[in-house]
Amino acid sequence: RKYPLMVYFSTVALTDYSKFYVDQDMIAVDIHPLGFTMGSYIGEAYILAMLDDIRIRFSIDPERIWAAGHSNGAYAAWGLAIAYPHLFAGILTVSGGMDTSLISNLHNTTVINVSSKEESEYGRCYELPHPYIEQLSKSTEICVPNHTHNSLKYFMLNNRTLRLLQQSPLNTYPDEIDFTTRRNRHCRSFWVELHGISYGKDTAYVHASIDNDTVYITLQNTPGVTISSPPQVNEE
């Protein structure tokens, strides 16, 4: 049997949200992201190592892994999900910013973004990314009235929000992939993997889609791509 995994990224101090899952039929963990992880290799490597260790110790369903974070933890959830779109089925981000130019990487990820007009980060974490988030096919934006930055953290445990987050498993072979990367260590999205960023270029891009057993690929600024054949494509 494989179990769902709920990952909470902490802020300044290590949180203990996972204790609220004691009686639930899933595994929950708190992980300190060591900062924003918006390009920090140390924080990213630490989180990935922790997730690998959890997979070794427990029987985890790879299609039912979700992440949530408040403030710095939300930055971490955004950063990891954008860099590794195939990692999480969904993310719950509460009052945390992201790289808006790469949000389209999350076309196949459930995204729930929470903020309040009364909180200090509303402009950067909700108003600014709104035009980008609303373009995602599986996104929900929640603007909660009369909350401060600190009080918003309790929405990490809101039952209705968590049910919305966890209702859809990850589709590991989506029919369409839209992926941009700025780092050569971030080159995979689901069933496509870029061969790095071309010399002298800042980003690489791939758009992949499936239509009637045919795979269509558009590439920019990369020397090549490797495709793991999706099961919905008849190779004959």
# chains A, B, ... in the order shown; residues from 1 in each chain; ligands from 1
call {"tool": "residues_around", "arguments": {"residues": "Tyr199 in chain A", "least_positions_apart": "4", "cutoff": "10 Å", "atoms": "only C-alpha atoms", "output": "list in words"}}
result
Thr203, Asn221, Thr222 and Pro223 of chain A
call {"tool": "closest_atom_pairs", "arguments": {"of": "range 97-159 of chain A", "to": "range 170-189 of chain A", "cutoff": "10 Å", "atoms": "only C-alpha atoms", "output": "Markdown table"}}
result
| residue | atom | partner | partner_atom | distance |
| --- | --- | --- | --- | --- |
| A:Ser101 | CA | A:Thr180 | CA | 8.8 |
| A:Leu102 | CA | A:Thr180 | CA | 6.4 |
| A:Ile103 | CA | A:Phe179 | CA | 9.2 |
| A:Ser104 | CA | A:Asp178 | CA | 6.5 |
| A:Asn105 | CA | A:Phe179 | CA | 4.8 |
| A:Leu106 | CA | A:Asp178 | CA | 8.1 |
| A:His107 | CA | A:Asp178 | CA | 7.0 |
| A:Asn108 | CA | A:Pro174 | CA | 7.2 |
| A:Thr109 | CA | A:Leu170 | CA | 7.3 |
| A:Thr110 | CA | A:Leu170 | CA | 8.6 |
call {"tool": "atom_distance", "arguments": {"atom1": "CA of Cys125 in chain A", "atom2": "CA of Arg163 in chain A"}}
result
22.4 Å
call {"tool": "closest_residue", "arguments": {"among": "A:Phe155, A:Val215, A:Pro231, A:Leu164", "to": "Ala89 in chain A", "atoms": "only C-alpha atoms"}}
result
A:Leu164
call {"tool": "closest_residue", "arguments": {"among": "A:Ile91, A:Leu157, A:Ile142, A:Ala208", "to": "Leu194 in chain A", "atoms": "only C-alpha atoms"}}
result
A:Ala208
call {"tool": "select_by_dssp", "arguments": {"residues": "chain A", "states": "strand (DSSP E)", "output": "PDB file with C-alpha atoms, in the first residue's frame"}}
result
ATOM      1  CA  TYR A   3       0.331   6.560   1.299  1.00  0.00           C
ATOM      2  CA  PRO A   4      -0.266  10.208   0.386  1.00  0.00           C
ATOM      3  CA  LEU A   5       2.365  12.666   1.619  1.00  0.00           C
ATOM      4  CA  MET A   6       1.678  16.191   2.884  1.00  0.00           C
ATOM      5  CA  VAL A   7       4.785  18.395   3.139  1.00  0.00           C
ATOM      6  CA  TYR A   8       4.795  21.604   5.169  1.00  0.00           C
ATOM      7  CA  PHE A   9       7.646  24.043   4.565  1.00  0.00           C
ATOM      8  CA  ILE A  27       1.922  10.824   6.116  1.00  0.00           C
ATOM      9  CA  ALA A  28       2.714  14.449   6.958  1.00  0.00           C
ATOM     10  CA  VAL A  29       6.092  16.072   7.575  1.00  0.00           C
ATOM     11  CA  ASP A  30       7.530  19.491   8.386  1.00  0.00           C
ATOM     12  CA  ILE A  31      10.697  20.478   6.506  1.00  0.00           C
ATOM     13  CA  ILE A  60       4.745   7.004  -0.678  1.00  0.00           C
ATOM     14  CA  ASP A  61       2.308   7.405  -3.552  1.00  0.00           C
ATOM     15  CA  PRO A  62       4.239   9.603  -6.065  1.00  0.00           C
ATOM     16  CA  GLU A  63       0.971  10.868  -7.527  1.00  0.00           C
ATOM     17  CA  ARG A  64      -0.297  12.167  -4.183  1.00  0.00           C
ATOM     18  CA  ILE A  65       2.409  14.431  -2.781  1.00  0.00           C
ATOM     19  CA  TRP A  66       1.329  17.938  -1.833  1.00  0.00           C
ATOM     20  CA  ALA A  67       3.254  20.870  -0.395  1.00  0.00           C
ATOM     21  CA  ALA A  68       2.167  23.871   1.644  1.00  0.00           C
ATOM     22  CA  GLY A  69       3.981  26.868   3.051  1.00  0.00           C
ATOM     23  CA  HIS A  70       3.410  30.218   4.706  1.00  0.00           C
ATOM     24  CA  GLY A  90      -0.449  20.525  -5.822  1.00  0.00           C
ATOM     25  CA  ILE A  91       0.802  23.387  -3.672  1.00  0.00           C
ATOM     26  CA  LEU A  92      -0.913  25.592  -1.093  1.00  0.00           C
ATOM     27  CA  THR A  93       0.908  28.926  -0.852  1.00  0.00           C
ATOM     28  CA  VAL A  94      -0.046  31.360   1.893  1.00  0.00           C
ATOM     29  CA  THR A 110      -3.071  22.273  -8.533  1.00  0.00           C
ATOM     30  CA  VAL A 111      -2.251  25.730  -7.168  1.00  0.00           C
ATOM     31  CA  ILE A 112      -4.061  27.439  -4.273  1.00  0.00           C
ATOM     32  CA  ASN A 113      -2.752  30.899  -3.411  1.00  0.00           C
ATOM     33  CA  VAL A 114      -3.992  32.642  -0.247  1.00  0.00           C
ATOM     34  CA  SER A 115      -3.578  36.232   0.961  1.00  0.00           C
ATOM     35  CA  SER A 139      -5.552  27.315  -9.896  1.00  0.00           C
ATOM     36  CA  THR A 140      -7.635  28.817  -7.080  1.00  0.00           C
ATOM     37  CA  GLU A 141      -7.020  32.214  -5.492  1.00  0.00           C
ATOM     38  CA  ILE A 142      -8.407  32.963  -2.041  1.00  0.00           C
ATOM     39  CA  CYS A 143      -8.399  36.502  -0.658  1.00  0.00           C
ATOM     40  CA  GLU A 176       0.590  19.154 -22.626  1.00  0.00           C
ATOM     41  CA  ILE A 177       3.761  20.526 -21.069  1.00  0.00           C
ATOM     42  CA  ASP A 178       4.922  24.132 -21.014  1.00  0.00           C
ATOM     43  CA  PHE A 179       8.309  24.544 -19.338  1.00  0.00           C
ATOM     44  CA  THR A 180      10.945  27.274 -19.071  1.00  0.00           C
ATOM     45  CA  THR A 181      14.200  26.967 -17.142  1.00  0.00           C
ATOM     46  CA  ARG A 188      13.036  18.014 -16.588  1.00  0.00           C
ATOM     47  CA  SER A 189       9.272  18.419 -16.655  1.00  0.00           C
ATOM     48  CA  VAL A 192      10.474  15.632 -21.337  1.00  0.00           C
ATOM     49  CA  GLU A 193      14.033  16.536 -20.349  1.00  0.00           C
ATOM     50  CA  LEU A 194      16.021  19.315 -21.984  1.00  0.00           C
ATOM     51  CA  ALA A 204      15.602  27.284 -22.418  1.00  0.00           C
ATOM     52  CA  TYR A 205      12.029  26.431 -23.296  1.00  0.00           C
ATOM     53  CA  VAL A 206       9.987  23.438 -24.395  1.00  0.00           C
ATOM     54  CA  HIS A 207       6.353  23.041 -25.312  1.00  0.00           C
ATOM     55  CA  ALA A 208       5.238  19.448 -25.746  1.00  0.00           C
ATOM     56  CA  SER A 209       1.784  18.156 -26.600  1.00  0.00           C
ATOM     57  CA  ILE A 210       0.067  14.932 -27.612  1.00  0.00           C
ATOM     58  CA  ASP A 211      -2.619  14.745 -30.264  1.00  0.00           C
ATOM     59  CA  THR A 214       1.495  12.176 -32.261  1.00  0.00           C
ATOM     60  CA  VAL A 215       3.920  14.073 -30.022  1.00  0.00           C
ATOM     61  CA  TYR A 216       4.599  17.681 -30.996  1.00  0.00           C
ATOM     62  CA  ILE A 217       7.690  19.430 -29.630  1.00  0.00           C
ATOM     63  CA  THR A 218       8.745  23.078 -29.799  1.00  0.00           C
ATOM     64  CA  LEU A 219      12.203  23.943 -28.467  1.00  0.00           C
ATOM     65  CA  GLN A 220      14.056  27.186 -27.834  1.00  0.00           C
ATOM     66  CA  VAL A 225      15.517  16.959 -25.652  1.00  0.00           C
ATOM     67  CA  THR A 226      14.898  13.419 -24.398  1.00  0.00           C
ATOM     68  CA  ILE A 227      11.339  12.117 -24.370  1.00  0.00           C
TER      69      ILE A 227
END
call {"tool": "closest_residue", "arguments": {"among": "A:Asn72, A:Ser120, A:Ser151, A:Asn158", "to": "Leu14 in chain A", "atoms": "only C-alpha atoms"}}
result
A:Asn72
call {"tool": "decode", "arguments": {"residues": "range 179-190 of chain A", "atoms": "all heavy atoms", "output": "JSON list (two decimals), in the first residue's frame"}}
result
[["chain", "number", "residue", "atom", "x", "y", "z"],
["A", 179, "PHE", "N", 7.24, 24.50, -20.34],
["A", 179, "PHE", "CA", 8.31, 24.54, -19.34],
["A", 179, "PHE", "C", 9.44, 25.46, -19.78],
["A", 179, "PHE", "O", 9.96, 25.36, -20.88],
["A", 179, "PHE", "CB", 8.86, 23.13, -19.11],
["A", 179, "PHE", "CG", 9.95, 23.04, -18.08],
["A", 179, "PHE", "CD1", 9.68, 23.28, -16.73],
["A", 179, "PHE", "CD2", 11.24, 22.73, -18.45],
["A", 179, "PHE", "CE1", 10.69, 23.20, -15.78],
["A", 179, "PHE", "CE2", 12.26, 22.63, -17.50],
["A", 179, "PHE", "CZ", 11.98, 22.88, -16.17],
["A", 180, "THR", "N", 9.81, 26.37, -18.87],
["A", 180, "THR", "CA", 10.95, 27.27, -19.07],
["A", 180, "THR", "C", 11.91, 27.10, -17.91],
["A", 180, "THR", "O", 11.49, 26.99, -16.75],
["A", 180, "THR", "CB", 10.48, 28.74, -19.14],
["A", 180, "THR", "OG1", 9.53, 28.90, -20.19],
["A", 180, "THR", "CG2", 11.67, 29.68, -19.38],
["A", 181, "THR", "N", 13.21, 27.09, -18.20],
["A", 181, "THR", "CA", 14.20, 26.97, -17.14],
["A", 181, "THR", "C", 15.30, 28.00, -17.30],
["A", 181, "THR", "O", 15.64, 28.40, -18.42],
["A", 181, "THR", "CB", 14.82, 25.56, -17.11],
["A", 181, "THR", "OG1", 15.76, 25.48, -16.02],
["A", 181, "THR", "CG2", 15.54, 25.23, -18.41],
["A", 182, "ARG", "N", 15.85, 28.43, -16.17],
["A", 182, "ARG", "CA", 16.99, 29.34, -16.16],
["A", 182, "ARG", "C", 18.25, 28.67, -15.62],
["A", 182, "ARG", "O", 19.29, 29.31, -15.52],
["A", 182, "ARG", "CB", 16.68, 30.58, -15.29],
["A", 182, "ARG", "CG", 15.64, 31.50, -15.89],
["A", 182, "ARG", "CD", 15.75, 32.88, -15.25],
["A", 182, "ARG", "NE", 14.77, 33.78, -15.82],
["A", 182, "ARG", "CZ", 13.59, 34.04, -15.29],
["A", 182, "ARG", "NH1", 13.25, 33.45, -14.15],
["A", 182, "ARG", "NH2", 12.74, 34.86, -15.84],
["A", 183, "ARG", "N", 18.13, 27.39, -15.25],
["A", 183, "ARG", "CA", 19.26, 26.70, -14.64],
["A", 183, "ARG", "C", 19.42, 25.32, -15.26],
["A", 183, "ARG", "O", 18.44, 24.60, -15.45],
["A", 183, "ARG", "CB", 19.07, 26.58, -13.12],
["A", 183, "ARG", "CG", 18.97, 27.94, -12.43],
["A", 183, "ARG", "CD", 18.85, 27.78, -10.92],
["A", 183, "ARG", "NE", 18.83, 29.09, -10.28],
["A", 183, "ARG", "CZ", 17.73, 29.76, -10.02],
["A", 183, "ARG", "NH1", 16.54, 29.26, -10.33],
["A", 183, "ARG", "NH2", 17.79, 30.95, -9.43],
["A", 184, "ASN", "N", 20.64, 24.94, -15.50],
["A", 184, "ASN", "CA", 20.90, 23.65, -16.12],
["A", 184, "ASN", "C", 20.59, 22.47, -15.21],
["A", 184, "ASN", "O", 20.54, 21.33, -15.68],
["A", 184, "ASN", "CB", 22.37, 23.57, -16.58],
["A", 184, "ASN", "CG", 22.59, 24.30, -17.90],
["A", 184, "ASN", "OD1", 21.83, 24.13, -18.84],
["A", 184, "ASN", "ND2", 23.64, 25.11, -17.97],
["A", 185, "ARG", "N", 20.39, 22.71, -13.93],
["A", 185, "ARG", "CA", 19.99, 21.62, -13.05],
["A", 185, "ARG", "C", 18.47, 21.43, -13.04],
["A", 185, "ARG", "O", 17.97, 20.47, -12.45],
["A", 185, "ARG", "CB", 20.51, 21.84, -11.62],
["A", 185, "ARG", "CG", 19.88, 22.99, -10.86],
["A", 185, "ARG", "CD", 20.42, 23.00, -9.42],
["A", 185, "ARG", "NE", 19.78, 24.01, -8.58],
["A", 185, "ARG", "CZ", 20.18, 25.24, -8.44],
["A", 185, "ARG", "NH1", 21.25, 25.65, -9.11],
["A", 185, "ARG", "NH2", 19.55, 26.09, -7.64],
["A", 186, "HIS", "N", 17.77, 22.35, -13.65],
["A", 186, "HIS", "CA", 16.30, 22.24, -13.76],
["A", 186, "HIS", "C", 15.94, 22.06, -15.22],
["A", 186, "HIS", "O", 15.63, 23.01, -15.92],
["A", 186, "HIS", "CB", 15.63, 23.51, -13.21],
["A", 186, "HIS", "CG", 15.96, 23.82, -11.80],
["A", 186, "HIS", "ND1", 16.02, 25.10, -11.31],
["A", 186, "HIS", "CD2", 16.26, 22.99, -10.76],
["A", 186, "HIS", "CE1", 16.33, 25.07, -10.03],
["A", 186, "HIS", "NE2", 16.48, 23.80, -9.68],
["A", 187, "CYS", "N", 15.98, 20.84, -15.69],
["A", 187, "CYS", "CA", 15.77, 20.58, -17.12],
["A", 187, "CYS", "C", 14.66, 19.59, -17.40],
["A", 187, "CYS", "O", 14.35, 19.34, -18.57],
["A", 187, "CYS", "CB", 17.07, 20.09, -17.77],
["A", 187, "CYS", "SG", 18.29, 21.39, -18.01],
["A", 188, "ARG", "N", 14.07, 19.02, -16.36],
["A", 188, "ARG", "CA", 13.04, 18.01, -16.59],
["A", 188, "ARG", "C", 11.66, 18.53, -16.18],
["A", 188, "ARG", "O", 11.51, 19.22, -15.17],
["A", 188, "ARG", "CB", 13.34, 16.75, -15.80],
["A", 188, "ARG", "CG", 12.29, 15.66, -16.00],
["A", 188, "ARG", "CD", 12.45, 14.50, -15.03],
["A", 188, "ARG", "NE", 11.23, 13.71, -14.98],
["A", 188, "ARG", "CZ", 10.92, 12.88, -13.99],
["A", 188, "ARG", "NH1", 11.74, 12.74, -12.96],
["A", 188, "ARG", "NH2", 9.78, 12.20, -14.01],
["A", 189, "SER", "N", 10.67, 18.18, -17.00],
["A", 189, "SER", "CA", 9.27, 18.42, -16.66],
["A", 189, "SER", "C", 8.47, 17.22, -17.15],
["A", 189, "SER", "O", 8.30, 17.02, -18.36],
["A", 189, "SER", "CB", 8.75, 19.71, -17.30],
["A", 189, "SER", "OG", 7.39, 19.93, -16.98],
["A", 190, "PHE", "N", 8.05, 16.39, -16.21],
["A", 190, "PHE", "CA", 7.29, 15.19, -16.53],
["A", 190, "PHE", "C", 8.05, 14.30, -17.51],
["A", 190, "PHE", "O", 9.12, 13.83, -17.18],
["A", 190, "PHE", "CB", 5.90, 15.57, -17.06],
["A", 190, "PHE", "CG", 5.05, 16.28, -16.04],
["A", 190, "PHE", "CD1", 4.96, 17.66, -16.04],
["A", 190, "PHE", "CD2", 4.37, 15.56, -15.07],
["A", 190, "PHE", "CE1", 4.19, 18.32, -15.08],
["A", 190, "PHE", "CE2", 3.60, 16.21, -14.10],
["A", 190, "PHE", "CZ", 3.52, 17.59, -14.12]]
